[in-house]
Structure formats: C-alpha cells, structure tokens
Amino acid sequence: MKLHFKKFGSGPPLIILHGVFGSSDNWKTLANHLMSTFEVYLVDQRNHGLSPHSDDFNYQVMTDDLKELLHDEKIEKCILLGHSMGGKTAMNFAVQYPEKIIKLIIVDIAPKGYPPHHENILKGVHSLTLHEINTRKEADDLLSVTINNAGIRQFILKNLSRNPKGLFYWKINWKAIEDNIQAIGAPLLSHAVFPGEVLFIRGAQSDYILNEDEPLLKKHFPDADLMTIQKAGHWVHAEQPAQLLALINQFIKYGKR
C-alpha cells in the first residue's frame, strides 16, 4: 500500500509512526525541531490520516507498507520511531529487517499483548450521526457522554473533516480498526529478536510499560534501554515534548545512557 507521508528537513532519514486513532499530524511539532538534523518522514499508517483504507489491518501488513515506503523512497537505512501502535509496527519491522535500522525508538508500548481497552472511544464514535452534526462543538458534546477526558476527545476529533459540501466525514477507517482491534493488541512473536540499539521511552503516569516488563524488553531487544519521562502519560509527545525531544536527540547522537 502506498502510504501518505510528509517529508521535512535533510540528514539521516528518521521515520515516525503514530499510534492508533492518530495521524502524522500528531508529531508535526516534534518534526519541526528534528528537521534541522534529520530528513523526517511523518507517516500516516493505513486506515489513518490520508492513507488508503483497507479491511486488512494487522502488524504484518503495516510492516509491509513501511517496507514499500522505504523501497519507494530509496532509503537503505533509517532511524525508526514509533508510538503505541506505531511502536508495535516499528518493532515488527525491526525484527524482520534489522539491516534497515540505524537505531530504534519505541514510545510507551511494550512487545507484550494488550487486551482491547478502547471501548469508550468506539462507543463514543458510534454515538455520532455525522449528517446531523453542524459544528465540532456538537460532536465534542456528544463524545463527552462516553469520553470524559477533553484531551482524548480533541485527539479523536482531529480525524473529523469536512467534504466540499461542508458535511462532516471521518478520515479514519473506524470499521477496519474495530474489526481488527484484537490484532492491534497482539504481542511480538515469541522468537523475534532485534540485536541493534533500542531506546524505550515511557510516561511515568502511563501503565503501558511496567517495571516487570523489562525482562521481556531485553528478551526481544537485548541492547535496549528504558527511560521514563515524568509528568507524562501515554501521549508523551503531547504532554512533555521538550523532554521527549531531548531523549531522542541524546540517544541518536550518543547512544544509550
């Protein structure tokens, strides 16, 4: 699949993969800082952003999509950064194509399995009848019934756009994501190993990477380090962008601590 992406700056290629329900735009602020040192690729994964939709939605097809992008862009090696679902895609890609990776950065996701836990978001989305909604405020009010967190609601509403007639539509393929939600939580294959340098970054207020997950990180990524950003939850890049940027730059320039 030919993914939609935006390219900024010059230098070694740095590819950034967003999380589920997100898009490349979520990382634009960090890309603006990184583009002075790297050729930054902000990628919309399939069924998200402006990339094509497909009923097939799992980490193997997303790995294949990324491989195709590197081939099309003639990228021999890259620094690969992924957040949440994008982190799982990045891990799967790295273990299959280790020769393509300069360094790997995984933000707030572990190689373990996660049970479905986005029921309130999906319920909220189902509650919206788009042709009856005239403003984003109306959509936000309806989502607030099932999604209490205003930040998460605004994150979801970034997927809402208007067609040339001014009618709202979803850019994201909710059906494919919901139909394959179990696959999104799938663990890395038990035998998979990537021998290169890896930095895992977690938010201190997030429960996606626990202390007891460290042996699993080392099993799959023996040259991995784990860093924690204080006063951040799962959306580290939105909550503590300066700290995240500092860790990214330090790791790429100097390696592990």
# chains A, B, ... in the order shown; residues from 1 in each chain; ligands from 1
>>> closest_atom_pairs(of="range 170-215 of chain A", to="range 144-159 of chain A", cutoff="8 Å", atoms="only C-alpha atoms", output="JSON lines")
{"residue": "A:Trp170", "atom": "CA", "partner": "A:Asn159", "partner_atom": "CA", "distance": 5.8}
{"residue": "A:Lys171", "atom": "CA", "partner": "A:Asn159", "partner_atom": "CA", "distance": 5.5}
{"residue": "A:Ile172", "atom": "CA", "partner": "A:Asn159", "partner_atom": "CA", "distance": 6.0}
>>> closest_atom_pairs(of="range 74-119 of chain A", to="range 195-218 of chain A", cutoff="8 Å", atoms="only C-alpha atoms", output="Markdown table")
| residue | atom | partner | partner_atom | distance |
| --- | --- | --- | --- | --- |
| A:Pro98 | CA | A:Gly196 | CA | 7.4 |
| A:Ile101 | CA | A:Gly196 | CA | 7.8 |
| A:Ile102 | CA | A:Gly196 | CA | 7.8 |
| A:Lys103 | CA | A:Glu197 | CA | 5.5 |
| A:Leu104 | CA | A:Val198 | CA | 4.7 |
| A:Ile105 | CA | A:Leu199 | CA | 4.9 |
| A:Ile106 | CA | A:Phe200 | CA | 4.8 |
| A:Val107 | CA | A:Ile201 | CA | 4.8 |
| A:Asp108 | CA | A:Arg202 | CA | 4.4 |
| A:Ile109 | CA | A:Tyr208 | CA | 5.6 |
| A:Ala110 | CA | A:Ile209 | CA | 5.7 |
| A:Pro111 | CA | A:Leu217 | CA | 6.9 |
| A:Lys112 | CA | A:Leu216 | CA | 7.7 |
>>> write_last_selection(atoms="N, CA and C atoms", output="short mmCIF file (atom, residue, chain, number, x, y, z; two decimals), in the first residue's frame")
data_model
loop_
_atom_site.label_atom_id
_atom_site.label_comp_id
_atom_site.auth_asym_id
_atom_site.auth_seq_id
_atom_site.Cartn_x
_atom_site.Cartn_y
_atom_site.Cartn_z
N PRO A 98 16.35 -6.07 10.19
CA PRO A 98 17.31 -5.39 11.07
C PRO A 98 18.36 -4.60 10.31
N ILE A 101 17.73 -0.76 9.92
CA ILE A 101 17.58 0.09 11.10
C ILE A 101 18.94 0.61 11.60
N ILE A 102 19.03 1.92 11.71
CA ILE A 102 20.20 2.54 12.35
C ILE A 102 20.01 2.49 13.86
N LYS A 103 18.91 3.05 14.31
CA LYS A 103 18.51 2.98 15.72
C LYS A 103 16.99 2.93 15.79
N LEU A 104 16.51 2.31 16.86
CA LEU A 104 15.07 2.11 17.04
C LEU A 104 14.61 2.80 18.32
N ILE A 105 13.54 3.60 18.22
CA ILE A 105 12.99 4.31 19.38
C ILE A 105 11.52 3.94 19.51
N ILE A 106 11.15 3.42 20.66
CA ILE A 106 9.78 2.96 20.91
C ILE A 106 9.19 3.77 22.06
N VAL A 107 8.08 4.44 21.80
CA VAL A 107 7.48 5.33 22.80
C VAL A 107 6.22 4.70 23.38
N ASP A 108 6.29 4.37 24.66
CA ASP A 108 5.19 3.94 25.51
C ASP A 108 4.38 2.76 24.96
N ILE A 109 5.09 1.72 24.61
CA ILE A 109 4.46 0.45 24.26
C ILE A 109 5.51 -0.64 24.47
N ALA A 110 5.07 -1.81 24.91
CA ALA A 110 5.95 -2.95 25.12
C ALA A 110 5.64 -4.02 24.08
N PRO A 111 6.54 -5.00 23.90
CA PRO A 111 6.28 -6.07 22.93
C PRO A 111 5.30 -7.13 23.43
N LYS A 112 4.58 -6.83 24.50
CA LYS A 112 3.63 -7.78 25.06
C LYS A 112 2.24 -7.59 24.43
#
>>> residues_around(residues="Asn47 in chain A", least_positions_apart="3", cutoff="9 Å", atoms="only C-alpha atoms", output="number ranges by chain")
A: 44, 50-55, 57, 171-174, 176-177
>>> residues_around(residues="range 119-130 of chain A", least_positions_apart="3", cutoff="7 Å", atoms="only C-alpha atoms", output="ChimeraX atom specification")
/A:133,139,142-143,146-147,168-169
>>> write_last_selection(atoms="N, CA and C atoms", output="PDB file, in the first residue's frame")
ATOM      1  N   ILE A 133     -24.802  16.596  12.530  1.00  0.00           N
ATOM      2  CA  ILE A 133     -23.921  17.459  13.305  1.00  0.00           C
ATOM      3  C   ILE A 133     -23.460  18.633  12.444  1.00  0.00           C
ATOM      4  N   ALA A 139     -20.203  17.810  18.124  1.00  0.00           N
ATOM      5  CA  ALA A 139     -19.557  16.495  18.158  1.00  0.00           C
ATOM      6  C   ALA A 139     -18.851  16.266  19.483  1.00  0.00           C
ATOM      7  N   LEU A 142     -21.352  15.462  22.267  1.00  0.00           N
ATOM      8  CA  LEU A 142     -21.857  14.090  22.183  1.00  0.00           C
ATOM      9  C   LEU A 142     -20.802  13.083  22.641  1.00  0.00           C
ATOM     10  N   LEU A 143     -19.552  13.317  22.269  1.00  0.00           N
ATOM     11  CA  LEU A 143     -18.489  12.405  22.698  1.00  0.00           C
ATOM     12  C   LEU A 143     -18.275  12.456  24.202  1.00  0.00           C
ATOM     13  N   THR A 146     -19.457   9.667  26.730  1.00  0.00           N
ATOM     14  CA  THR A 146     -18.720   8.421  26.968  1.00  0.00           C
ATOM     15  C   THR A 146     -17.217   8.641  27.166  1.00  0.00           C
ATOM     16  N   ILE A 147     -16.684   9.802  26.719  1.00  0.00           N
ATOM     17  CA  ILE A 147     -15.252  10.079  26.857  1.00  0.00           C
ATOM     18  C   ILE A 147     -15.092  11.308  27.745  1.00  0.00           C
ATOM     19  N   PHE A 168     -19.569  16.761   7.476  1.00  0.00           N
ATOM     20  CA  PHE A 168     -18.535  16.060   8.209  1.00  0.00           C
ATOM     21  C   PHE A 168     -18.381  14.626   7.707  1.00  0.00           C
ATOM     22  N   TYR A 169     -17.142  14.146   7.730  1.00  0.00           N
ATOM     23  CA  TYR A 169     -16.866  12.733   7.476  1.00  0.00           C
ATOM     24  C   TYR A 169     -15.604  12.348   8.249  1.00  0.00           C
TER      25      TYR A 169
END
>>> closest_residue(among="A:Ala186, A:Met1, A:Ile75, A:Leu14", to="Gln45 in chain A", atoms="only C-alpha atoms")
A:Met1
>>> atom_distance(atom1="CA of Cys78 in chain A", atom2="CA of Leu17 in chain A")
12.7 Å
>>> residues_around(residues="Gly9 in chain A", least_positions_apart="3", cutoff="8 Å", atoms="only C-alpha atoms", output="VMD selection string")
chain A and resid 34 to 40
>>> write_last_selection(atoms="N, CA and C atoms", output="PDB file, in the first residue's frame")
ATOM      1  N   LEU A  34      13.120  18.495  14.791  1.00  0.00           N
ATOM      2  CA  LEU A  34      14.047  17.465  14.344  1.00  0.00           C
ATOM      3  C   LEU A  34      14.539  17.696  12.914  1.00  0.00           C
ATOM      4  N   MET A  35      13.802  18.476  12.144  1.00  0.00           N
ATOM      5  CA  MET A  35      14.109  18.619  10.720  1.00  0.00           C
ATOM      6  C   MET A  35      15.421  19.358  10.459  1.00  0.00           C
ATOM      7  N   SER A  36      15.963  20.046  11.462  1.00  0.00           N
ATOM      8  CA  SER A  36      17.249  20.719  11.269  1.00  0.00           C
ATOM      9  C   SER A  36      18.408  19.728  11.246  1.00  0.00           C
ATOM     10  N   THR A  37      18.163  18.517  11.750  1.00  0.00           N
ATOM     11  CA  THR A  37      19.220  17.500  11.847  1.00  0.00           C
ATOM     12  C   THR A  37      18.931  16.268  10.997  1.00  0.00           C
ATOM     13  N   PHE A  38      17.643  15.994  10.752  1.00  0.00           N
ATOM     14  CA  PHE A  38      17.243  14.766  10.071  1.00  0.00           C
ATOM     15  C   PHE A  38      16.299  15.061   8.913  1.00  0.00           C
ATOM     16  N   GLU A  39      16.239  14.119   7.992  1.00  0.00           N
ATOM     17  CA  GLU A  39      15.172  14.111   6.997  1.00  0.00           C
ATOM     18  C   GLU A  39      14.019  13.331   7.630  1.00  0.00           C
ATOM     19  N   VAL A  40      13.016  14.060   8.103  1.00  0.00           N
ATOM     20  CA  VAL A  40      11.945  13.473   8.900  1.00  0.00           C
ATOM     21  C   VAL A  40      10.782  13.070   7.998  1.00  0.00           C
TER      22      VAL A  40
END
>>> atom_distance(atom1="CA of Ala192 in chain A", atom2="CA of Lys88 in chain A")
12.4 Å
>>> closest_residue(among="A:Lys2, A:His83, A:His131, A:Lys165", to="His71 in chain A", atoms="only C-alpha atoms")
A:Lys2
>>> select_by_dssp(residues="range 103-153 of chain A", states="alpha helix (DSSP H)", output="list of chain:residue names")
A:Glu119, A:Asn120, A:Ile121, A:Leu122, A:Lys123, A:Gly124, A:Val125, A:His126, A:Arg136, A:Lys137, A:Glu138, A:Ala139, A:Asp140, A:Asp141, A:Leu142, A:Leu143, A:Ala150, A:Gly151, A:Ile152, A:Arg153
>>> closest_residue(among="A:Leu247, A:Asn26, A:His118, A:Pro12", to="Thr228 in chain A", atoms="only C-alpha atoms")
A:Leu247
>>> atom_distance(atom1="CA of Ile184 in chain A", atom2="CA of Asn58 in chain A")
6.4 Å
>>> select_by_dssp(residues="range 25-253 of chain A", states="strand (DSSP E)", output="ChimeraX atom specification")
/A:39-43,78-83,101-107,160-162,168-170,198-203,224-229
>>> write_last_selection(atoms="N, CA, C and O atoms", output="short mmCIF file (atom, residue, chain, number, x, y, z; two decimals), in the first residue's frame")
data_model
loop_
_atom_site.label_atom_id
_atom_site.label_comp_id
_atom_site.auth_asym_id
_atom_site.auth_seq_id
_atom_site.Cartn_x
_atom_site.Cartn_y
_atom_site.Cartn_z
N GLU A 39 16.24 14.12 7.99
CA GLU A 39 15.17 14.11 7.00
C GLU A 39 14.02 13.33 7.63
O GLU A 39 14.06 12.11 7.72
N VAL A 40 13.02 14.06 8.10
CA VAL A 40 11.95 13.47 8.90
C VAL A 40 10.78 13.07 8.00
O VAL A 40 10.28 13.88 7.21
N TYR A 41 10.37 11.82 8.15
CA TYR A 41 9.18 11.31 7.46
C TYR A 41 8.07 11.14 8.48
O TYR A 41 8.19 10.33 9.40
N LEU A 42 6.99 11.90 8.33
CA LEU A 42 5.79 11.72 9.15
C LEU A 42 4.80 10.90 8.32
O LEU A 42 4.34 11.35 7.27
N VAL A 43 4.49 9.72 8.80
CA VAL A 43 3.75 8.73 8.00
C VAL A 43 2.36 8.52 8.59
O VAL A 43 2.20 8.37 9.80
N CYS A 78 17.42 3.60 8.16
CA CYS A 78 16.71 4.72 8.78
C CYS A 78 16.74 4.59 10.30
O CYS A 78 16.97 3.51 10.84
N ILE A 79 16.53 5.72 10.95
CA ILE A 79 16.18 5.73 12.37
C ILE A 79 14.67 5.60 12.41
O ILE A 79 13.96 6.35 11.73
N LEU A 80 14.16 4.67 13.18
CA LEU A 80 12.72 4.40 13.19
C LEU A 80 12.16 4.66 14.58
O LEU A 80 12.66 4.12 15.57
N LEU A 81 11.14 5.51 14.64
CA LEU A 81 10.49 5.87 15.90
C LEU A 81 9.00 5.56 15.78
O LEU A 81 8.35 5.96 14.81
N GLY A 82 8.46 4.87 16.77
CA GLY A 82 7.04 4.56 16.76
C GLY A 82 6.42 4.74 18.13
O GLY A 82 7.03 4.39 19.14
N HIS A 83 5.21 5.30 18.14
CA HIS A 83 4.47 5.48 19.38
C HIS A 83 3.28 4.53 19.41
O HIS A 83 2.52 4.43 18.43
N ILE A 101 17.73 -0.76 9.92
CA ILE A 101 17.58 0.09 11.10
C ILE A 101 18.94 0.61 11.60
O ILE A 101 19.84 -0.17 11.88
N ILE A 102 19.03 1.92 11.71
CA ILE A 102 20.20 2.54 12.35
C ILE A 102 20.01 2.49 13.86
O ILE A 102 20.86 1.99 14.59
N LYS A 103 18.91 3.05 14.31
CA LYS A 103 18.51 2.98 15.72
C LYS A 103 16.99 2.93 15.79
O LYS A 103 16.30 3.44 14.90
N LEU A 104 16.51 2.31 16.86
CA LEU A 104 15.07 2.11 17.04
C LEU A 104 14.61 2.80 18.32
O LEU A 104 15.22 2.61 19.38
N ILE A 105 13.54 3.60 18.22
CA ILE A 105 12.99 4.31 19.38
C ILE A 105 11.52 3.94 19.51
O ILE A 105 10.74 4.14 18.57
N ILE A 106 11.15 3.42 20.66
CA ILE A 106 9.78 2.96 20.91
C ILE A 106 9.19 3.77 22.06
O ILE A 106 9.76 3.78 23.16
N VAL A 107 8.08 4.44 21.80
CA VAL A 107 7.48 5.33 22.80
C VAL A 107 6.22 4.70 23.38
O VAL A 107 5.21 4.49 22.69
N LEU A 160 -11.90 14.12 12.24
CA LEU A 160 -13.13 14.60 11.62
C LEU A 160 -12.81 15.70 10.63
O LEU A 160 -12.10 16.65 10.96
N SER A 161 -13.32 15.55 9.42
CA SER A 161 -13.07 16.56 8.39
C SER A 161 -14.37 16.88 7.67
O SER A 161 -15.40 16.24 7.90
N ARG A 162 -14.32 17.89 6.79
CA ARG A 162 -15.50 18.27 6.00
C ARG A 162 -15.23 18.02 4.53
O ARG A 162 -14.13 18.27 4.03
N PHE A 168 -19.57 16.76 7.48
CA PHE A 168 -18.53 16.06 8.21
C PHE A 168 -18.38 14.63 7.71
O PHE A 168 -19.36 13.96 7.34
N TYR A 169 -17.14 14.15 7.73
CA TYR A 169 -16.87 12.73 7.48
C TYR A 169 -15.60 12.35 8.25
O TYR A 169 -14.80 13.20 8.62
N TRP A 170 -15.46 11.05 8.50
CA TRP A 170 -14.28 10.54 9.20
C TRP A 170 -13.18 10.20 8.20
O TRP A 170 -13.42 9.46 7.24
N VAL A 198 18.31 0.08 20.90
CA VAL A 198 16.89 0.43 21.07
C VAL A 198 16.73 1.28 22.31
O VAL A 198 17.34 1.00 23.36
N LEU A 199 15.90 2.31 22.19
CA LEU A 199 15.51 3.09 23.35
C LEU A 199 14.00 3.01 23.52
O LEU A 199 13.25 3.38 22.61
N PHE A 200 13.56 2.48 24.67
CA PHE A 200 12.16 2.53 25.05
C PHE A 200 11.95 3.75 25.95
O PHE A 200 12.73 3.98 26.88
N ILE A 201 10.91 4.51 25.65
CA ILE A 201 10.58 5.69 26.45
C ILE A 201 9.15 5.54 26.94
O ILE A 201 8.24 5.25 26.14
N ARG A 202 8.92 5.72 28.23
CA ARG A 202 7.57 5.61 28.77
C ARG A 202 7.21 6.86 29.56
O ARG A 202 8.08 7.59 30.05
N GLY A 203 5.91 7.09 29.70
CA GLY A 203 5.42 8.13 30.57
C GLY A 203 5.26 7.60 31.98
O GLY A 203 4.75 6.48 32.17
N ALA A 224 18.67 -2.95 24.59
CA ALA A 224 17.66 -1.91 24.83
C ALA A 224 17.88 -1.21 26.16
O ALA A 224 18.41 -1.79 27.11
N ASP A 225 17.45 0.03 26.20
CA ASP A 225 17.43 0.81 27.44
C ASP A 225 16.01 1.35 27.62
O ASP A 225 15.29 1.56 26.63
N LEU A 226 15.61 1.58 28.85
CA LEU A 226 14.28 2.11 29.16
C LEU A 226 14.42 3.39 29.95
O LEU A 226 15.07 3.42 30.99
N MET A 227 13.82 4.46 29.44
CA MET A 227 13.84 5.77 30.09
C MET A 227 12.41 6.19 30.41
O MET A 227 11.48 5.87 29.66
N THR A 228 12.25 6.92 31.51
CA THR A 228 10.93 7.36 31.96
C THR A 228 10.87 8.88 31.97
O THR A 228 11.78 9.54 32.48
N ILE A 229 9.79 9.42 31.42
CA ILE A 229 9.56 10.86 31.42
C ILE A 229 8.50 11.19 32.47
O ILE A 229 7.39 10.66 32.43
#
>>> closest_residue(among="A:Lys6, A:Lys137, A:His234, A:Lys100", to="Ala31 in chain A", atoms="only C-alpha atoms")
A:Lys6
